[in-house]
>>> print(open('data33.cif').read())   # mmCIF, C-alpha atoms
data_query
loop_
_atom_site.group_PDB
_atom_site.id
_atom_site.type_symbol
_atom_site.label_atom_id
_atom_site.label_comp_id
_atom_site.auth_asym_id
_atom_site.auth_seq_id
_atom_site.Cartn_x
_atom_site.Cartn_y
_atom_site.Cartn_z
ATOM 1 C CA MET A 178 -6.244 -80.690 -39.219
ATOM 2 C CA PRO A 179 -8.112 -82.501 -36.435
ATOM 3 C CA THR A 180 -8.134 -80.960 -32.995
ATOM 4 C CA LEU A 181 -5.843 -82.815 -30.600
ATOM 5 C CA VAL A 182 -7.380 -83.242 -27.156
ATOM 6 C CA TYR A 183 -5.438 -84.631 -24.186
ATOM 7 C CA ALA A 184 -6.252 -85.055 -20.522
ATOM 8 C CA PHE A 185 -3.500 -84.736 -17.972
ATOM 9 C CA VAL A 186 -3.524 -86.062 -14.440
ATOM 10 C CA PRO A 187 -1.097 -84.167 -12.170
ATOM 11 C CA ALA A 188 0.116 -86.738 -9.640
ATOM 12 C CA ARG A 189 3.073 -85.537 -7.600
ATOM 13 C CA SER A 190 4.349 -88.054 -5.064
ATOM 14 C CA GLY A 191 5.396 -85.668 -2.301
ATOM 15 C CA SER A 192 2.110 -84.928 -0.515
ATOM 16 C CA LYS A 193 2.769 -84.011 3.109
ATOM 17 C CA GLY A 194 -0.784 -83.664 4.464
ATOM 18 C CA LEU A 195 -1.685 -87.215 3.409
ATOM 19 C CA PRO A 196 1.393 -89.117 2.180
ATOM 20 C CA ASP A 197 0.964 -90.861 -1.187
ATOM 21 C CA LYS A 198 -2.677 -89.776 -1.317
ATOM 22 C CA ASN A 199 -2.742 -90.063 -5.112
ATOM 23 C CA ILE A 200 -2.232 -93.827 -4.960
ATOM 24 C CA LEU A 201 -4.229 -94.727 -1.848
ATOM 25 C CA SER A 202 -6.746 -97.494 -2.524
ATOM 26 C CA LEU A 203 -10.454 -96.820 -2.992
ATOM 27 C CA GLY A 204 -12.687 -99.671 -4.096
ATOM 28 C CA GLY A 205 -9.603 -101.766 -4.843
ATOM 29 C CA HIS A 206 -7.939 -99.222 -7.141
ATOM 30 C CA PRO A 207 -5.490 -96.365 -6.517
ATOM 31 C CA LEU A 208 -7.044 -92.921 -6.439
ATOM 32 C CA LEU A 209 -5.352 -91.639 -9.595
ATOM 33 C CA SER A 210 -6.823 -94.539 -11.618
ATOM 34 C CA TYR A 211 -10.287 -92.954 -11.398
ATOM 35 C CA ALA A 212 -9.041 -89.815 -13.155
ATOM 36 C CA ILE A 213 -7.402 -91.977 -15.821
ATOM 37 C CA ALA A 214 -10.610 -93.977 -16.319
ATOM 38 C CA PHE A 215 -12.596 -90.773 -16.667
ATOM 39 C CA GLY A 216 -10.254 -89.443 -19.345
ATOM 40 C CA GLN A 217 -10.433 -92.726 -21.240
ATOM 41 C CA ALA A 218 -14.246 -92.641 -21.163
ATOM 42 C CA LEU A 219 -14.193 -89.401 -23.154
ATOM 43 C CA GLY A 220 -12.684 -90.984 -26.262
ATOM 44 C CA ILE A 221 -10.011 -88.269 -26.523
ATOM 45 C CA ASP A 222 -6.552 -88.661 -28.044
ATOM 46 C CA ARG A 223 -4.454 -89.270 -24.922
ATOM 47 C CA VAL A 224 -4.556 -89.418 -21.143
ATOM 48 C CA ILE A 225 -1.182 -88.391 -19.723
ATOM 49 C CA VAL A 226 -0.096 -88.729 -16.116
ATOM 50 C CA SER A 227 2.476 -86.138 -15.055
ATOM 51 C CA THR A 228 4.426 -87.458 -12.080
ATOM 52 C CA ASP A 229 7.856 -87.390 -10.463
ATOM 53 C CA SER A 230 7.621 -90.999 -9.236
ATOM 54 C CA GLU A 231 8.520 -94.163 -11.141
ATOM 55 C CA LYS A 232 6.058 -96.103 -8.973
ATOM 56 C CA TYR A 233 3.250 -93.683 -9.859
ATOM 57 C CA ALA A 234 4.265 -93.917 -13.523
ATOM 58 C CA ASP A 235 4.095 -97.721 -13.378
ATOM 59 C CA ILE A 236 0.610 -97.534 -11.864
ATOM 60 C CA ALA A 237 -0.482 -95.044 -14.531
ATOM 61 C CA ARG A 238 0.740 -97.304 -17.334
ATOM 62 C CA HIS A 239 -1.009 -100.298 -15.770
ATOM 63 C CA TYR A 240 -4.307 -98.395 -16.066
ATOM 64 C CA GLY A 241 -3.623 -97.420 -19.679
ATOM 65 C CA ALA A 242 -2.339 -93.861 -19.363
ATOM 66 C CA ASP A 243 0.702 -92.437 -21.118
ATOM 67 C CA CYS A 244 3.614 -91.560 -18.865
ATOM 68 C CA PRO A 245 6.630 -91.269 -21.161
ATOM 69 C CA TYR A 246 8.965 -89.497 -18.705
ATOM 70 C CA LEU A 247 9.207 -88.289 -15.115
ATOM 71 C CA ARG A 248 8.400 -84.680 -14.330
ATOM 72 C CA GLY A 249 11.347 -82.341 -13.769
ATOM 73 C CA ALA A 250 12.341 -81.005 -10.347
ATOM 74 C CA GLU A 251 11.024 -77.464 -10.918
ATOM 75 C CA ALA A 252 7.574 -78.808 -11.771
ATOM 76 C CA SER A 253 7.603 -81.226 -8.820
ATOM 77 C CA SER A 254 8.183 -78.902 -5.875
ATOM 78 C CA ASP A 255 5.650 -78.157 -3.147
ATOM 79 C CA THR A 256 4.973 -74.772 -4.715
ATOM 80 C CA ALA A 257 4.841 -75.813 -8.382
ATOM 81 C CA MET A 258 1.751 -74.507 -10.135
ATOM 82 C CA GLU A 259 -0.024 -75.920 -13.182
ATOM 83 C CA GLU A 260 1.723 -73.568 -15.605
ATOM 84 C CA LEU A 261 5.047 -75.175 -14.654
ATOM 85 C CA ILE A 262 3.628 -78.661 -15.196
ATOM 86 C CA LEU A 263 2.274 -77.605 -18.594
ATOM 87 C CA ALA A 264 5.587 -76.001 -19.554
ATOM 88 C CA ASP A 265 7.357 -79.194 -18.471
ATOM 89 C CA MET A 266 5.115 -81.248 -20.765
ATOM 90 C CA GLU A 267 5.507 -78.757 -23.607
ATOM 91 C CA ALA A 268 9.284 -79.169 -23.378
ATOM 92 C CA ASN A 269 9.358 -82.946 -22.958
ATOM 93 C CA LEU A 270 6.438 -84.572 -24.782
ATOM 94 C CA PRO A 271 7.807 -83.831 -28.289
ATOM 95 C CA LYS A 272 11.096 -85.487 -27.284
ATOM 96 C CA HIS A 273 9.105 -88.692 -26.879
ATOM 97 C CA GLY A 274 7.243 -88.351 -30.165
ATOM 98 C CA ILE A 275 4.106 -86.860 -28.621
ATOM 99 C CA PRO A 276 2.972 -83.496 -30.027
ATOM 100 C CA VAL A 277 1.394 -81.037 -27.619
ATOM 101 C CA PRO A 278 -2.406 -80.854 -27.971
ATOM 102 C CA ASP A 279 -4.724 -78.048 -28.952
ATOM 103 C CA ILE A 280 -6.921 -78.632 -25.887
ATOM 104 C CA TRP A 281 -6.068 -79.863 -22.409
ATOM 105 C CA LEU A 282 -8.362 -81.281 -19.747
ATOM 106 C CA ARG A 283 -6.961 -81.070 -16.233
ATOM 107 C CA LEU A 284 -8.159 -84.010 -14.133
ATOM 108 C CA LYS A 285 -7.071 -83.725 -10.507
ATOM 109 C CA PRO A 286 -6.797 -87.216 -9.020
ATOM 110 C CA THR A 287 -8.106 -85.915 -5.691
ATOM 111 C CA ASN A 288 -11.487 -85.053 -7.273
ATOM 112 C CA PRO A 289 -12.904 -88.426 -8.397
ATOM 113 C CA PHE A 290 -16.479 -87.263 -9.027
ATOM 114 C CA ARG A 291 -17.124 -85.895 -12.533
ATOM 115 C CA ARG A 292 -19.638 -86.257 -15.348
ATOM 116 C CA VAL A 293 -18.613 -87.400 -18.802
ATOM 117 C CA ASP A 294 -21.294 -85.333 -20.525
ATOM 118 C CA HIS A 295 -20.014 -82.157 -18.862
ATOM 119 C CA ALA A 296 -16.468 -82.816 -20.071
ATOM 120 C CA LEU A 297 -17.652 -83.496 -23.623
ATOM 121 C CA GLN A 298 -19.749 -80.336 -23.521
ATOM 122 C CA ALA A 299 -16.677 -78.343 -22.457
ATOM 123 C CA ILE A 300 -14.601 -79.748 -25.319
ATOM 124 C CA ASP A 301 -17.354 -78.933 -27.814
ATOM 125 C CA ILE A 302 -17.521 -75.351 -26.550
ATOM 126 C CA LEU A 303 -13.812 -74.799 -27.175
ATOM 127 C CA LYS A 304 -14.000 -76.448 -30.595
ATOM 128 C CA SER A 305 -16.984 -74.408 -31.752
ATOM 129 C CA ARG A 306 -16.380 -71.054 -30.061
ATOM 130 C CA PRO A 307 -12.943 -69.558 -30.812
ATOM 131 C CA GLU A 308 -13.662 -66.532 -28.631
ATOM 132 C CA VAL A 309 -13.763 -68.735 -25.515
ATOM 133 C CA ASP A 310 -10.452 -69.203 -23.695
ATOM 134 C CA SER A 311 -11.478 -72.040 -21.388
ATOM 135 C CA VAL A 312 -14.311 -73.873 -19.660
ATOM 136 C CA ARG A 313 -14.380 -74.521 -15.917
ATOM 137 C CA HIS A 314 -16.636 -76.842 -14.005
ATOM 138 C CA VAL A 315 -18.057 -75.114 -10.936
ATOM 139 C CA SER A 316 -20.376 -75.924 -8.061
ATOM 140 C CA ALA A 317 -22.341 -73.691 -5.737
ATOM 141 C CA ALA A 318 -20.305 -72.351 -2.812
ATOM 142 C CA GLU A 319 -21.217 -71.106 0.645
ATOM 143 C CA THR A 320 -20.873 -67.318 0.908
ATOM 144 C CA ARG A 321 -21.795 -66.886 4.568
ATOM 145 C CA LEU A 322 -18.168 -67.259 5.582
ATOM 146 C CA CYS A 323 -16.464 -66.095 8.755
ATOM 147 C CA ARG A 324 -12.903 -65.772 9.962
ATOM 148 C CA ILE A 325 -11.313 -65.699 13.404
ATOM 149 C CA ASN A 326 -9.898 -62.263 14.102
ATOM 150 C CA GLU A 327 -6.813 -61.286 16.102
ATOM 151 C CA GLU A 328 -8.846 -61.220 19.325
ATOM 152 C CA GLY A 329 -9.985 -64.812 18.721
ATOM 153 C CA TYR A 330 -13.565 -63.889 17.861
ATOM 154 C CA ILE A 331 -15.593 -64.855 14.804
ATOM 155 C CA GLU A 332 -16.393 -62.090 12.344
ATOM 156 C CA PRO A 333 -17.794 -62.059 8.773
ATOM 157 C CA LEU A 334 -15.188 -62.608 6.065
ATOM 158 C CA LEU A 335 -17.201 -60.961 3.302
ATOM 159 C CA SER A 336 -18.868 -57.604 3.170
ATOM 160 C CA GLY A 337 -22.638 -57.485 2.952
ATOM 161 C CA TRP A 338 -23.423 -59.199 6.246
ATOM 162 C CA PRO A 339 -26.383 -57.215 7.629
ATOM 163 C CA LYS A 340 -25.523 -55.518 10.910
ATOM 164 C CA GLY A 341 -27.340 -56.670 14.011
ATOM 165 C CA ARG A 342 -28.285 -60.093 12.650
ATOM 166 C CA SER A 343 -26.827 -63.433 13.665
ATOM 167 C CA ILE A 344 -28.626 -65.694 11.179
ATOM 168 C CA ILE A 345 -28.616 -64.847 7.465
ATOM 169 C CA ARG A 346 -30.471 -66.670 4.702
ATOM 170 C CA ARG A 347 -28.337 -68.034 1.873
ATOM 171 C CA THR A 348 -30.659 -66.290 -0.592
ATOM 172 C CA GLU A 349 -29.708 -62.904 0.867
ATOM 173 C CA PHE A 350 -26.169 -63.226 -0.483
ATOM 174 C CA PRO A 351 -25.051 -63.234 -4.134
ATOM 175 C CA LYS A 352 -24.587 -66.660 -5.693
ATOM 176 C CA ALA A 353 -20.980 -67.827 -5.663
ATOM 177 C CA TYR A 354 -19.224 -70.828 -7.187
ATOM 178 C CA GLN A 355 -16.062 -72.774 -6.481
ATOM 179 C CA VAL A 356 -13.800 -74.246 -9.149
ATOM 180 C CA PHE A 357 -12.182 -77.592 -8.425
ATOM 181 C CA ASN A 358 -13.132 -80.486 -10.546
ATOM 182 C CA LEU A 359 -12.577 -80.049 -14.274
ATOM 183 C CA ASP A 360 -10.737 -77.423 -16.314
ATOM 184 C CA VAL A 361 -10.653 -77.475 -20.122
ATOM 185 C CA PHE A 362 -8.414 -74.963 -21.878
ATOM 186 C CA ARG A 363 -6.345 -74.259 -24.960
ATOM 187 C CA HIS A 364 -2.630 -75.076 -24.894
ATOM 188 C CA SER A 365 -1.991 -71.761 -26.653
ATOM 189 C CA GLY A 366 -3.134 -69.999 -23.479
ATOM 190 C CA LEU A 367 0.201 -70.875 -21.882
ATOM 191 C CA THR A 368 1.948 -68.606 -24.395
ATOM 192 C CA ARG A 369 -0.743 -65.945 -24.572
ATOM 193 C CA PHE A 370 -1.557 -65.582 -20.881
ATOM 194 C CA GLY A 371 1.326 -67.166 -18.937
ATOM 195 C CA SER A 372 0.283 -68.030 -15.397
ATOM 196 C CA GLY A 373 -3.262 -66.970 -16.329
ATOM 197 C CA PHE A 374 -3.287 -69.672 -19.014
ATOM 198 C CA MET A 375 -7.066 -70.175 -18.775
ATOM 199 C CA GLY A 376 -7.587 -66.618 -20.002
ATOM 200 C CA THR A 377 -10.503 -64.390 -19.123
ATOM 201 C CA ALA A 378 -13.279 -65.580 -21.452
ATOM 202 C CA ILE A 379 -14.144 -68.532 -19.230
ATOM 203 C CA VAL A 380 -17.429 -70.390 -19.656
ATOM 204 C CA PRO A 381 -18.846 -72.134 -16.553
ATOM 205 C CA ILE A 382 -20.542 -75.504 -16.427
ATOM 206 C CA ILE A 383 -22.454 -75.810 -13.167
ATOM 207 C CA GLY A 384 -22.389 -79.178 -11.441
ATOM 208 C CA GLU A 385 -23.729 -80.825 -8.320
ATOM 209 C CA ALA A 386 -22.248 -80.539 -4.840
ATOM 210 C CA ILE A 387 -20.544 -83.943 -5.003
ATOM 211 C CA THR A 388 -18.118 -82.573 -7.597
ATOM 212 C CA SER A 389 -16.605 -80.240 -5.000
ATOM 213 C CA LEU A 390 -15.313 -83.071 -2.797
ATOM 214 C CA ASP A 391 -11.525 -82.795 -2.742
ATOM 215 C CA ILE A 392 -9.138 -85.062 -0.839
ATOM 216 C CA ASN A 393 -6.629 -83.051 1.178
ATOM 217 C CA ASP A 394 -6.306 -85.026 4.402
ATOM 218 C CA ALA A 395 -7.154 -88.369 6.014
ATOM 219 C CA ASP A 396 -10.697 -87.306 6.916
ATOM 220 C CA ASP A 397 -11.424 -86.271 3.325
ATOM 221 C CA PHE A 398 -10.059 -89.584 2.099
ATOM 222 C CA GLU A 399 -12.195 -91.639 4.469
ATOM 223 C CA LEU A 400 -15.300 -89.684 3.444
ATOM 224 C CA VAL A 401 -14.711 -90.220 -0.280
ATOM 225 C CA LYS A 402 -13.744 -93.858 0.313
ATOM 226 C CA SER A 403 -16.990 -94.501 2.169
ATOM 227 C CA ILE A 404 -18.994 -92.919 -0.662
ATOM 228 C CA ILE A 405 -17.271 -94.938 -3.389
ATOM 229 C CA GLU A 406 -17.347 -98.251 -1.514
ATOM 230 C CA ALA A 407 -20.942 -97.978 -0.239
ATOM 231 C CA ARG A 408 -23.415 -100.520 -1.615
ATOM 232 C CA PRO A 409 -25.890 -99.899 -3.041
ATOM 233 C CA ARG A 410 -24.540 -96.673 -4.472
ATOM 234 C CA ALA A 411 -26.627 -93.537 -4.536
ATOM 235 C CA ALA A 412 -27.646 -92.401 -8.017
ATOM 236 C CA VAL A 413 -25.652 -89.174 -7.646
ATOM 237 C CA VAL A 414 -22.488 -91.251 -7.156
ATOM 238 C CA THR A 415 -23.203 -93.546 -10.092
ATOM 239 C CA ARG A 416 -23.595 -90.675 -12.544
ATOM 240 C CA HIS A 417 -20.406 -88.959 -11.348
ATOM 241 C CA LEU A 418 -17.994 -91.885 -11.107
ATOM 242 C CA VAL A 419 -16.160 -93.737 -13.883
ATOM 243 C CA GLU A 420 -14.534 -96.887 -12.520
ATOM 244 C CA PRO A 421 -11.262 -98.346 -13.826
ATOM 245 C CA LYS A 422 -11.659 -101.310 -16.155
ATOM 246 C CA ALA A 423 -8.194 -102.760 -15.572
ATOM 247 C CA ALA A 424 -7.500 -105.399 -12.942
ATOM 248 C CA PRO A 425 -6.382 -103.919 -9.614
ATOM 249 C CA TYR A 426 -2.735 -102.890 -9.574
ATOM 250 C CA SER A 427 -0.570 -105.332 -7.649
ATOM 251 C CA GLY A 428 2.968 -104.136 -8.347
#
>>> encode(input="data33.cif", output="structure tokens")
Amino acid sequence: MPTLVYAFVPARSGSKGLPDKNILSLGGHPLLSYAIAFGQALGIDRVIVSTDSEKYADIARHYGADCPYLRGAEASSDTAMEELILADMEANLPKHGIPVPDIWLRLKPTNPFRRVDHALQAIDILKSRPEVDSVRHVSAAETRLCRINEEGYIEPLLSGWPKGRSIIRRTEFPKAYQVFNLDVFRHSGLTRFGSGFMGTAIVPIIGEAITSLDINDADDFELVKSIIEARPRAAVVTRHLVEPKAAPYSG
């Protein structure tokens, strides 16, 4: 049987830090439409938007995504994690004639910068290597981190900061990576690993710094908006951005 591959775009409507951030306009299109466009560019079986909002669902359908039902209350709370969203889809998609897939791609709408070739590479890894549980896109992270202690002073967060030195070279610390942008995993991991549904045999695909941009507040949004709407676009933006093909939503 062919391997079913779906992308899902988690788009809850109740953001408090930046209200309705998932549908704010960038370049004439709502933010979540860029995740939908990216999924469509992969040529996979479905792109599903999981949302608790009829307005968001209408926008998703306008841009060609599937949104057959609204997410349940448990999977829509402030504290709901991805395993609850996946369980919600597992319970509800078959009721609408949609079988659950073998492979999921998680496309956060707040991370619009991704590369198609990296996503296709991740899918191929899962198809060809049964020992792999998942693939995660990562980018280099800063390890020279500090915190503010109880006295209000800055102190190193991580061990390994040489004593008596104020300035430390990046190369003196181990390489570290952050995961944000693209997760590709087997649906069966939800049953096998529960909340650790991505398993432990996780293959990294290392990307450029632009892929770590994540919209959490108004400043983040304005930064990403300025990058997307700038003309001419930098080459790094062009290779990491798939634009929606549909006419701008006007509902």
>>> resolve_selection(input="data33.cif", expression="the PyMOL selection byres ((chain A and resi 243) around 7)", output="list in words")
Val224, Ile225, Val226, Arg238, Gly241, Ala242, Cys244 and Pro245 of chain A
>>> write_last_selection(input="data33.cif", atoms="C-alpha atoms", output="compact mmCIF listing (two decimals), in the frame of the given file")
# COMPACT_ATOMS: atom_id res chain seq x y z
CA VAL A 224 -4.56 -89.42 -21.14
CA ILE A 225 -1.18 -88.39 -19.72
CA VAL A 226 -0.10 -88.73 -16.12
CA ARG A 238 0.74 -97.30 -17.33
CA GLY A 241 -3.62 -97.42 -19.68
CA ALA A 242 -2.34 -93.86 -19.36
CA CYS A 244 3.61 -91.56 -18.86
CA PRO A 245 6.63 -91.27 -21.16
>>> resolve_selection(input="data33.cif", expression="the PyMOL selection byres ((chain A and resi 213) around 9)", output="PyMOL selection string")
chain A and resi 184-186+209-212+214-218+224-226+237+240-242+284+286+421
>>> atom_distance(input="data33.cif", atom1="atom CA of Glu319 of chain A", atom2="atom CA of Ala353 of chain A")
7.1 Å
>>> residues_around(input="data33.cif", residues="segment 251-258 of chain A", least_positions_apart="3", cutoff="10 Å", atoms="all atoms listed in the file", output="PyMOL selection string")
chain A and resi 187-193+227-230+247-248+261-266+372
>>> write_last_selection(input="data33.cif", atoms="C-alpha atoms", output="JSON list (two decimals), in the frame of the given file")
[["chain", "number", "residue", "atom", "x", "y", "z"],
["A", 187, "PRO", "CA", -1.10, -84.17, -12.17],
["A", 188, "ALA", "CA", 0.12, -86.74, -9.64],
["A", 189, "ARG", "CA", 3.07, -85.54, -7.60],
["A", 190, "SER", "CA", 4.35, -88.05, -5.06],
["A", 191, "GLY", "CA", 5.40, -85.67, -2.30],
["A", 192, "SER", "CA", 2.11, -84.93, -0.52],
["A", 193, "LYS", "CA", 2.77, -84.01, 3.11],
["A", 227, "SER", "CA", 2.48, -86.14, -15.06],
["A", 228, "THR", "CA", 4.43, -87.46, -12.08],
["A", 229, "ASP", "CA", 7.86, -87.39, -10.46],
["A", 230, "SER", "CA", 7.62, -91.00, -9.24],
["A", 247, "LEU", "CA", 9.21, -88.29, -15.12],
["A", 248, "ARG", "CA", 8.40, -84.68, -14.33],
["A", 261, "LEU", "CA", 5.05, -75.18, -14.65],
["A", 262, "ILE", "CA", 3.63, -78.66, -15.20],
["A", 263, "LEU", "CA", 2.27, -77.60, -18.59],
["A", 264, "ALA", "CA", 5.59, -76.00, -19.55],
["A", 265, "ASP", "CA", 7.36, -79.19, -18.47],
["A", 266, "MET", "CA", 5.12, -81.25, -20.76],
["A", 372, "SER", "CA", 0.28, -68.03, -15.40]]
>>> resolve_selection(input="data33.cif", expression="the PyMOL selection byres ((chain A and resi 414) around 12)", output="list in words")
Pro289, Phe290, Arg291, Arg292, Glu385, Ala386, Ile387, Thr388, Leu390, Val401, Lys402, Ser403, Ile404, Ile405, Glu406, Ala407, Arg408, Pro409, Arg410, Ala411, Ala412, Val413, Thr415, Arg416, His417, Leu418, Val419 and Glu420 of chain A
>>> closest_residue(input="data33.cif", among="A:Asp396, A:Glu327, A:Asp279, A:Asp294", to="Ser311 of chain A", atoms="all atoms listed in the file")
A:Asp279
>>> residues_around(input="data33.cif", residues="Ile221 of chain A", least_positions_apart="5", cutoff="10 Å", atoms="all atoms listed in the file", output="JSON list (two decimals) with C-alpha atoms, in the coordinates of the input")
[["chain", "number", "residue", "atom", "x", "y", "z"],
["A", 180, "THR", "CA", -8.13, -80.96, -32.99],
["A", 181, "LEU", "CA", -5.84, -82.82, -30.60],
["A", 182, "VAL", "CA", -7.38, -83.24, -27.16],
["A", 183, "TYR", "CA", -5.44, -84.63, -24.19],
["A", 184, "ALA", "CA", -6.25, -85.06, -20.52],
["A", 216, "GLY", "CA", -10.25, -89.44, -19.34],
["A", 282, "LEU", "CA", -8.36, -81.28, -19.75],
["A", 297, "LEU", "CA", -17.65, -83.50, -23.62],
["A", 300, "ILE", "CA", -14.60, -79.75, -25.32]]
>>> atom_distance(input="data33.cif", atom1="atom CA of Pro333 of chain A", atom2="atom CA of Lys352 of chain A")
16.6 Å
>>> closest_residue(input="data33.cif", among="A:Val293, A:Leu367, A:Ala234, A:Val380", to="Arg313 of chain A", atoms="all atoms listed in the file")
A:Val380
>>> closest_residue(input="data33.cif", among="A:Leu195, A:Leu201, A:Ile379, A:Ile236", to="Ser427 of chain A", atoms="only C-alpha atoms")
A:Ile236
>>> closest_residue(input="data33.cif", among="A:Arg223, A:Gly371, A:Ala317, A:Pro339", to="Ile383 of chain A", atoms="all atoms listed in the file")
A:Ala317
>>> residues_around(input="data33.cif", residues="Pro381 of chain A", least_positions_apart="2", cutoff="10 Å", atoms="only C-alpha atoms", output="PyMOL selection string")
chain A and resi 299+311-316+354+356+360+378-379+383-384
>>> axis_aligned_box(input="data33.cif", around="segment 187-202 of chain A", padding_each_side="4 Å", output="lines of an AutoDock Vina configuration file")
center_x = -0.7
center_y = -90.6
center_z = -3.9
size_x = 20.1
size_y = 21.8
size_z = 24.6
>>> atom_distance(input="data33.cif", atom1="atom CA of Ser389 of chain A", atom2="atom CA of Arg369 of chain A")
29.0 Å
>>> closest_residue(input="data33.cif", among="A:Leu219, A:His273, A:Ile345, A:Leu208", to="Asp301 of chain A", atoms="only C-alpha atoms")
A:Leu219
>>> residues_around(input="data33.cif", residues="Leu334 of chain A", least_positions_apart="4", cutoff="12 Å", atoms="all atoms listed in the file", output="MDAnalysis selection string")
chainID A and resid 319:326 330 338
>>> closest_residue(input="data33.cif", among="A:Gly204, A:Phe398, A:Ser365, A:Lys422", to="Val277 of chain A", atoms="all atoms listed in the file")
A:Ser365
